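Peer 1: Here you go, one structure.
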Amino acid sequence: MNDRSERIRNILVPIISVILGFILGAILMAVFGFNPIEGYNAMFSSAFQSKMSIGEILVGAGPLIFTALGFSVANSAGFFNIGLSGQALCGWVASIWVALSMPDSPKIIVLPLAIIVGALAGAAAAAIPGLLRAFFGTSEVIVTIMMNYVILYVANHIVNHVMSPDVIANKGVTKAVGLNASLREPWLTELFGGSRVNMGIILALVFLVVVWFLMKRTTLGFEIRSVGLNPFASEYAGMSSKRTIVISMIISGALAGLGGVVYGLGTFMNYFVQGSSISIGFDGMAVSLLGNGSSIGILLSALLFSVLKLGGQGMQFSGIPSELANSVIPLIIFFVAINYIVRVGLAKVMGGKKEVATVQKVESAPNDESEKGGKV
């Protein structure tokens, strides 16, 4: 297959998925008697109406970048980490707990410590399914899904029954962290018209580069990608697939934990009891898939998802029900999931029968690991 054609397809598939999602969303609005042009105009007008709304877009994008990077690392190793929500929740609770336990300590100590502890909490949560997968062959999909619920209820128990009453504001709600542990900076708040924008987005941009360097320019990154492509060949070449599996899951969980840290110390500044798994985990998976796992793709996808979520609220003010306003994101995810059809269609447009046959063969090739809870 022509490498140039493949690169072009990799760029066009997510773009076409987004366009098709918008088109199908417009059709749904029209079917139910709403004007899609007015709806989308309200979406983008509300998302970009002021410096404050632009700041809120960045607020939403920061945690998504971290969870998307976490999913991308695990996926490169051949694993489907669905536990990003739980791992992010670990980072959220741990960072808030550390910050509230040190109210009088200087920021130079408290903030880095809270960030590190949050990342370690996420890493520890991801290490469990990694170890089980490496040494017992269990499905990381099933284990991570189950752990999302375990972590959710443990986190709520910690807030309700373990944390000191001194750090609790109301039942199930902690006090806000002090300035010594906040990711918000006055100059950022002023720059974006009083929004909640914080240093989390800058940390996310830094980690986009760090993860790119790790995966593309280091031996560990090469081993992770090799195990993802063929664990048996990697073992034959002298790589330890078990070690690489565990390390990749730990890195994935640490990144998800950092997403929770940004959620806690930047977006909300406290922790409150959650009724279900937090959305940044599952949204991060979609962001990573739409961005094809690349750093640039993840950045653009995270910004797009943040725009759609913020703009969806504006659509409701124009009279469009929330169910329709929030339908665009799942429709985009749907077209990303059926990218096989999009790729074959592009191959027909860009190439001949031989290229179509090659794409079909590559996309439909069986994978031994998929039967064992490996690469999906």
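Chain labels follow the order of the structure tokens: the first chain is A, the next B, and so on; residue numbering restarts at 1 in every chain, and ligands are counted from 1 in their shown order.
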Hey, what's within 10 Å of Asn156 (chain A) if we count only C-alpha atoms and toss same-chain stuff fewer than 4 positions away? As a list in words, please?
Peer 2: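 That gives Val93, Ile151, Leu152, Asn160, His161, Val162, Gly172, Val173, Tyr271, Phe272, Val273, Gln274 and Gly275 of chain A.
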Peer 1: Please write the residues from the selection above to a file, keeping all heavy atoms, as an mmCIF file, in the first residue's frame.
Peer 2:
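part-v6.cif, written as the output of this step:
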```cif
data_model
loop_
_atom_site.group_PDB
_atom_site.id
_atom_site.type_symbol
_atom_site.label_atom_id
_atom_site.label_comp_id
_atom_site.auth_asym_id
_atom_site.auth_seq_id
_atom_site.Cartn_x
_atom_site.Cartn_y
_atom_site.Cartn_z
ATOM 1 N N VAL A 93 -9.447 12.466 43.932
ATOM 2 C CA VAL A 93 -9.597 12.332 45.382
ATOM 3 C C VAL A 93 -8.258 12.489 46.099
ATOM 4 O O VAL A 93 -8.136 13.213 47.103
ATOM 5 C CB VAL A 93 -10.232 10.970 45.739
ATOM 6 C CG1 VAL A 93 -10.244 10.772 47.250
ATOM 7 C CG2 VAL A 93 -11.636 10.870 45.182
ATOM 8 N N ILE A 151 -13.775 1.687 42.512
ATOM 9 C CA ILE A 151 -13.121 2.961 42.839
ATOM 10 C C ILE A 151 -14.154 4.037 43.151
ATOM 11 O O ILE A 151 -13.973 4.848 44.075
ATOM 12 C CB ILE A 151 -12.195 3.395 41.696
ATOM 13 C CG1 ILE A 151 -11.012 2.433 41.574
ATOM 14 C CG2 ILE A 151 -11.696 4.826 41.898
ATOM 15 C CD1 ILE A 151 -10.177 2.630 40.327
ATOM 16 N N LEU A 152 -15.255 4.058 42.399
ATOM 17 C CA LEU A 152 -16.303 5.063 42.618
ATOM 18 C C LEU A 152 -16.833 4.991 44.047
ATOM 19 O O LEU A 152 -16.901 6.007 44.748
ATOM 20 C CB LEU A 152 -17.442 4.841 41.614
ATOM 21 C CG LEU A 152 -18.698 5.694 41.816
ATOM 22 C CD1 LEU A 152 -18.389 7.169 41.593
ATOM 23 C CD2 LEU A 152 -19.808 5.227 40.881
ATOM 24 N N ASN A 160 -16.975 10.416 52.775
ATOM 25 C CA ASN A 160 -18.034 10.408 53.794
ATOM 26 C C ASN A 160 -17.578 9.907 55.156
ATOM 27 O O ASN A 160 -18.130 10.327 56.190
ATOM 28 C CB ASN A 160 -19.210 9.553 53.309
ATOM 29 C CG ASN A 160 -20.020 10.232 52.217
ATOM 30 O OD1 ASN A 160 -20.216 11.445 52.259
ATOM 31 N ND2 ASN A 160 -20.490 9.460 51.255
ATOM 32 N N HIS A 161 -16.577 9.019 55.179
ATOM 33 C CA HIS A 161 -16.273 8.351 56.440
ATOM 34 C C HIS A 161 -14.798 8.327 56.836
ATOM 35 O O HIS A 161 -14.490 7.932 57.964
ATOM 36 C CB HIS A 161 -16.785 6.904 56.398
ATOM 37 C CG HIS A 161 -18.240 6.788 56.102
ATOM 38 N ND1 HIS A 161 -19.227 7.156 56.987
ATOM 39 C CD2 HIS A 161 -18.894 6.366 54.979
ATOM 40 C CE1 HIS A 161 -20.420 6.949 56.453
ATOM 41 N NE2 HIS A 161 -20.254 6.476 55.233
ATOM 42 N N VAL A 162 -13.909 8.678 55.946
ATOM 43 C CA VAL A 162 -12.480 8.564 56.247
ATOM 44 C C VAL A 162 -11.812 9.924 56.410
ATOM 45 O O VAL A 162 -11.026 10.127 57.332
ATOM 46 C CB VAL A 162 -11.746 7.742 55.160
ATOM 47 C CG1 VAL A 162 -10.254 7.647 55.470
ATOM 48 C CG2 VAL A 162 -12.354 6.343 55.053
ATOM 49 N N GLY A 172 -20.605 14.805 52.069
ATOM 50 C CA GLY A 172 -20.195 14.380 50.741
ATOM 51 C C GLY A 172 -19.483 15.433 49.927
ATOM 52 O O GLY A 172 -19.181 15.211 48.753
ATOM 53 N N VAL A 173 -19.177 16.590 50.507
ATOM 54 C CA VAL A 173 -18.520 17.681 49.782
ATOM 55 C C VAL A 173 -17.358 18.211 50.625
ATOM 56 O O VAL A 173 -17.558 18.585 51.783
ATOM 57 C CB VAL A 173 -19.488 18.843 49.468
ATOM 58 C CG1 VAL A 173 -18.779 19.935 48.682
ATOM 59 C CG2 VAL A 173 -20.704 18.325 48.708
ATOM 60 N N TYR A 271 -13.689 18.235 46.070
ATOM 61 C CA TYR A 271 -14.264 16.961 45.628
ATOM 62 C C TYR A 271 -15.656 16.826 46.208
ATOM 63 O O TYR A 271 -15.913 17.221 47.346
ATOM 64 C CB TYR A 271 -13.407 15.765 46.085
ATOM 65 C CG TYR A 271 -14.003 14.451 45.642
ATOM 66 C CD1 TYR A 271 -13.856 14.010 44.332
ATOM 67 C CD2 TYR A 271 -14.769 13.680 46.523
ATOM 68 C CE1 TYR A 271 -14.449 12.833 43.913
ATOM 69 C CE2 TYR A 271 -15.354 12.488 46.096
ATOM 70 C CZ TYR A 271 -15.192 12.074 44.793
ATOM 71 O OH TYR A 271 -15.783 10.910 44.351
ATOM 72 N N PHE A 272 -16.572 16.277 45.426
ATOM 73 C CA PHE A 272 -17.928 16.026 45.894
ATOM 74 C C PHE A 272 -18.344 14.641 45.418
ATOM 75 O O PHE A 272 -17.900 14.155 44.375
ATOM 76 C CB PHE A 272 -18.900 17.093 45.380
ATOM 77 C CG PHE A 272 -18.751 17.421 43.923
ATOM 78 C CD1 PHE A 272 -19.517 16.775 42.963
ATOM 79 C CD2 PHE A 272 -17.821 18.377 43.505
ATOM 80 C CE1 PHE A 272 -19.377 17.069 41.615
ATOM 81 C CE2 PHE A 272 -17.673 18.680 42.155
ATOM 82 C CZ PHE A 272 -18.451 18.019 41.209
ATOM 83 N N VAL A 273 -19.176 13.985 46.196
ATOM 84 C CA VAL A 273 -19.584 12.605 45.936
ATOM 85 C C VAL A 273 -20.151 12.473 44.523
ATOM 86 O O VAL A 273 -20.992 13.268 44.101
ATOM 87 C CB VAL A 273 -20.622 12.144 46.985
ATOM 88 C CG1 VAL A 273 -21.290 10.851 46.534
ATOM 89 C CG2 VAL A 273 -19.959 11.953 48.334
ATOM 90 N N GLN A 274 -19.678 11.452 43.804
ATOM 91 C CA GLN A 274 -20.113 11.205 42.440
ATOM 92 C C GLN A 274 -21.153 10.082 42.416
ATOM 93 O O GLN A 274 -21.009 9.074 43.096
ATOM 94 C CB GLN A 274 -18.915 10.802 41.575
ATOM 95 C CG GLN A 274 -17.808 11.843 41.525
ATOM 96 C CD GLN A 274 -18.255 13.123 40.873
ATOM 97 O OE1 GLN A 274 -18.697 13.129 39.727
ATOM 98 N NE2 GLN A 274 -18.135 14.220 41.603
ATOM 99 N N GLY A 275 -22.171 10.266 41.599
ATOM 100 C CA GLY A 275 -23.203 9.242 41.472
ATOM 101 C C GLY A 275 -22.883 8.200 40.428
ATOM 102 O O GLY A 275 -23.466 7.112 40.416
#
```
Peer 1: So which bits of region 91-336 of chain A end up alpha helix (DSSP H) when you DSSP the backbone, as a VMD selection string?
Peer 2: chain A and resid 91 to 101 107 to 136 140 to 157 186 to 191 200 to 217 219 to 229 231 to 236 241 to 262 279 to 290 295 to 317 322 to 325 328 to 336
Peer 1: Taking 5 positions as the minimum chain separation for residues in the same chain, which residues sit within 9 Å of Val110 (chain A) when counting only C-alpha atoms? Answer as a PyMOL selection string.
Peer 2: chain A and resi 98-99+102-103+105+115+180-181
Peer 1: Give me, as a PyMOL selection string, all polymer residues having an atom no more than 9 Å from Asn292 (chain A), counting only C-alpha atoms and skipping those fewer than 2 positions away in the same chain.
Peer 2: chain A and resi 10-11+14+72+287-290+294-295+297-298
Peer 1: Set the distance at 9 Å and use only C-alpha atoms: which residues neighbour Ile251 (chain A) once local chain neighbours fewer than 4 positions away are removed? I'd like the list as a list in words.
Peer 2: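 Here the answer would be Gly70, Val73, Ala74, Gly122, Ala123, Ala126, Ala127, Val246, Ile247, Leu255 and Ala256 of chain A.
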Peer 1: Which residues come within 9 Å of Ser226 (chain A), counting only C-alpha atoms, excluding same-chain residues fewer than 5 positions away, as a PyMOL selection string?
Peer 2: chain A and resi 76-77+221+231+233-234+239
Peer 1: Please write the residues from the selection above to a file, keeping N, CA, C and O atoms, as a PDB file, in the first residue's frame.
Peer 2:
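As written to disk, part_13.pdb reads:
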```
ATOM      1  N   SER A  76      -1.572   1.557  22.377  1.00  0.00           N
ATOM      2  CA  SER A  76      -0.352   1.275  21.617  1.00  0.00           C
ATOM      3  C   SER A  76       0.264  -0.051  22.046  1.00  0.00           C
ATOM      4  O   SER A  76       0.919  -0.727  21.245  1.00  0.00           O
ATOM      5  N   ALA A  77       0.055  -0.419  23.317  1.00  0.00           N
ATOM      6  CA  ALA A  77       0.561  -1.693  23.821  1.00  0.00           C
ATOM      7  C   ALA A  77      -0.401  -2.839  23.546  1.00  0.00           C
ATOM      8  O   ALA A  77      -0.124  -3.978  23.910  1.00  0.00           O
ATOM      9  N   GLY A 221       9.251   3.313  24.551  1.00  0.00           N
ATOM     10  CA  GLY A 221       8.157   3.546  23.611  1.00  0.00           C
ATOM     11  C   GLY A 221       8.172   2.545  22.474  1.00  0.00           C
ATOM     12  O   GLY A 221       7.122   2.042  22.039  1.00  0.00           O
ATOM     13  N   PRO A 231       3.161  -9.417  20.476  1.00  0.00           N
ATOM     14  CA  PRO A 231       3.848  -9.747  21.733  1.00  0.00           C
ATOM     15  C   PRO A 231       4.762 -10.959  21.617  1.00  0.00           C
ATOM     16  O   PRO A 231       5.784 -11.037  22.299  1.00  0.00           O
ATOM     17  N   ALA A 233       6.498 -11.999  18.871  1.00  0.00           N
ATOM     18  CA  ALA A 233       7.730 -11.599  18.200  1.00  0.00           C
ATOM     19  C   ALA A 233       8.591 -10.743  19.122  1.00  0.00           C
ATOM     20  O   ALA A 233       9.824 -10.828  19.092  1.00  0.00           O
ATOM     21  N   SER A 234       7.945  -9.920  19.960  1.00  0.00           N
ATOM     22  CA  SER A 234       8.687  -9.078  20.899  1.00  0.00           C
ATOM     23  C   SER A 234       9.428  -9.934  21.920  1.00  0.00           C
ATOM     24  O   SER A 234      10.580  -9.661  22.268  1.00  0.00           O
ATOM     25  N   MET A 239      12.466  -8.842  24.320  1.00  0.00           N
ATOM     26  CA  MET A 239      11.698  -7.909  25.144  1.00  0.00           C
ATOM     27  C   MET A 239      10.815  -8.687  26.112  1.00  0.00           C
ATOM     28  O   MET A 239      10.303  -9.746  25.773  1.00  0.00           O
TER      29      MET A 239
END
```
Peer 1: Enumerate the residues of region 151-365 of chain A with a DSSP assignment of strand (DSSP E), computed from the backbone, and present them as a VMD selection string.
Peer 2: chain A and resid 168 to 170 173 to 174
Peer 1: Take the residues from that selection and put them in a file with N, CA, C and O atoms, as a compact mmCIF listing (two decimals), in the first residue's frame.
Peer 2:
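Final file, again.txt:
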```txt
# COMPACT_ATOMS: atom_id res chain seq x y z
N ILE A 168 -14.18 18.78 55.54
CA ILE A 168 -15.49 18.56 54.93
C ILE A 168 -16.36 19.80 55.13
O ILE A 168 -16.50 20.31 56.26
N ALA A 169 -16.94 20.30 54.03
CA ALA A 169 -17.82 21.46 54.11
C ALA A 169 -19.25 21.03 54.42
O ALA A 169 -19.90 21.57 55.31
N ASN A 170 -19.76 20.07 53.63
CA ASN A 170 -21.09 19.51 53.84
C ASN A 170 -21.00 18.01 53.61
O ASN A 170 -19.96 17.50 53.17
N VAL A 173 -19.18 16.59 50.51
CA VAL A 173 -18.52 17.68 49.78
C VAL A 173 -17.36 18.21 50.63
O VAL A 173 -17.56 18.59 51.78
N THR A 174 -16.18 18.24 50.05
CA THR A 174 -15.02 18.77 50.78
C THR A 174 -14.98 20.29 50.68
O THR A 174 -15.66 20.90 49.86
```
Peer 1: With only C-alpha atoms as the counted atoms, please give the residues lying no more than 10 Å from Ser240 (chain A), apart from itself and same-chain residues fewer than 4 positions off, as a list of chain:residue names.
Peer 2: A:Glu223, A:Val227, A:Pro231, A:Phe232, A:Ser234, A:Glu235, A:Tyr236, A:Thr244, A:Ile245
Peer 1: Which of these, A:Gly83, A:Met315, A:Ala30, A:Gly78, has the shortest distance to Asn230 (chain A) once you count only C-alpha atoms?
Peer 2: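 Nearest to Asn230 (chain A): A:Gly78.
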Peer 1: Counting only C-alpha atoms, which of A:Phe335, A:Phe135, A:Phe207, A:Phe282 gets nearest to Phe66 (chain A)?
Peer 2: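 Nearest to Phe66 (chain A): A:Phe207.
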Peer 1: Please report the interatomic distance between CA of Ala114 (chain A) and CA of Gly178 (chain A) in Å with one decimal.
Peer 2: 12.3 Å
Peer 1: Give me, please, the distance in Å between CA of Ile82 (chain A) and CA of Leu304 (chain A), quoted to one decimal.
Peer 2: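 Going from CA of Ile82 (chain A) over to CA of Leu304 (chain A) covers 21.5 Å.
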Peer 1: Taking a cut-off of 12 Å and counting only C-alpha atoms, can you build a table that, for each residue of region 198-241 of chain A near region 49-64 of chain A, reports the nearest atom pair and how far apart they are in Å (one decimal), sorted by chain then residue number, as a tab-separated table?
Peer 2:
```
residue	atom	partner	partner_atom	distance
A:Asn198	CA	A:Val59	CA	7.0
A:Met199	CA	A:Gly62	CA	9.0
A:Gly200	CA	A:Gly62	CA	5.8
A:Ile201	CA	A:Gly62	CA	4.5
A:Ile202	CA	A:Gly62	CA	8.0
A:Leu203	CA	A:Gly62	CA	8.0
A:Ala204	CA	A:Gly62	CA	5.7
A:Leu205	CA	A:Gly62	CA	8.3
A:Val206	CA	A:Gly62	CA	11.0
A:Phe207	CA	A:Gly62	CA	10.6
A:Leu208	CA	A:Gly62	CA	10.8
```
Peer 1: Using only C-alpha atoms, pick whichever of A:Ser301, A:Asn339, A:Ser327, A:Ser276 has the shortest atom-to-atom distance to Ile27 (chain A).
Peer 2: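 Closest to Ile27 (chain A), using only C-alpha atoms: A:Ser327.
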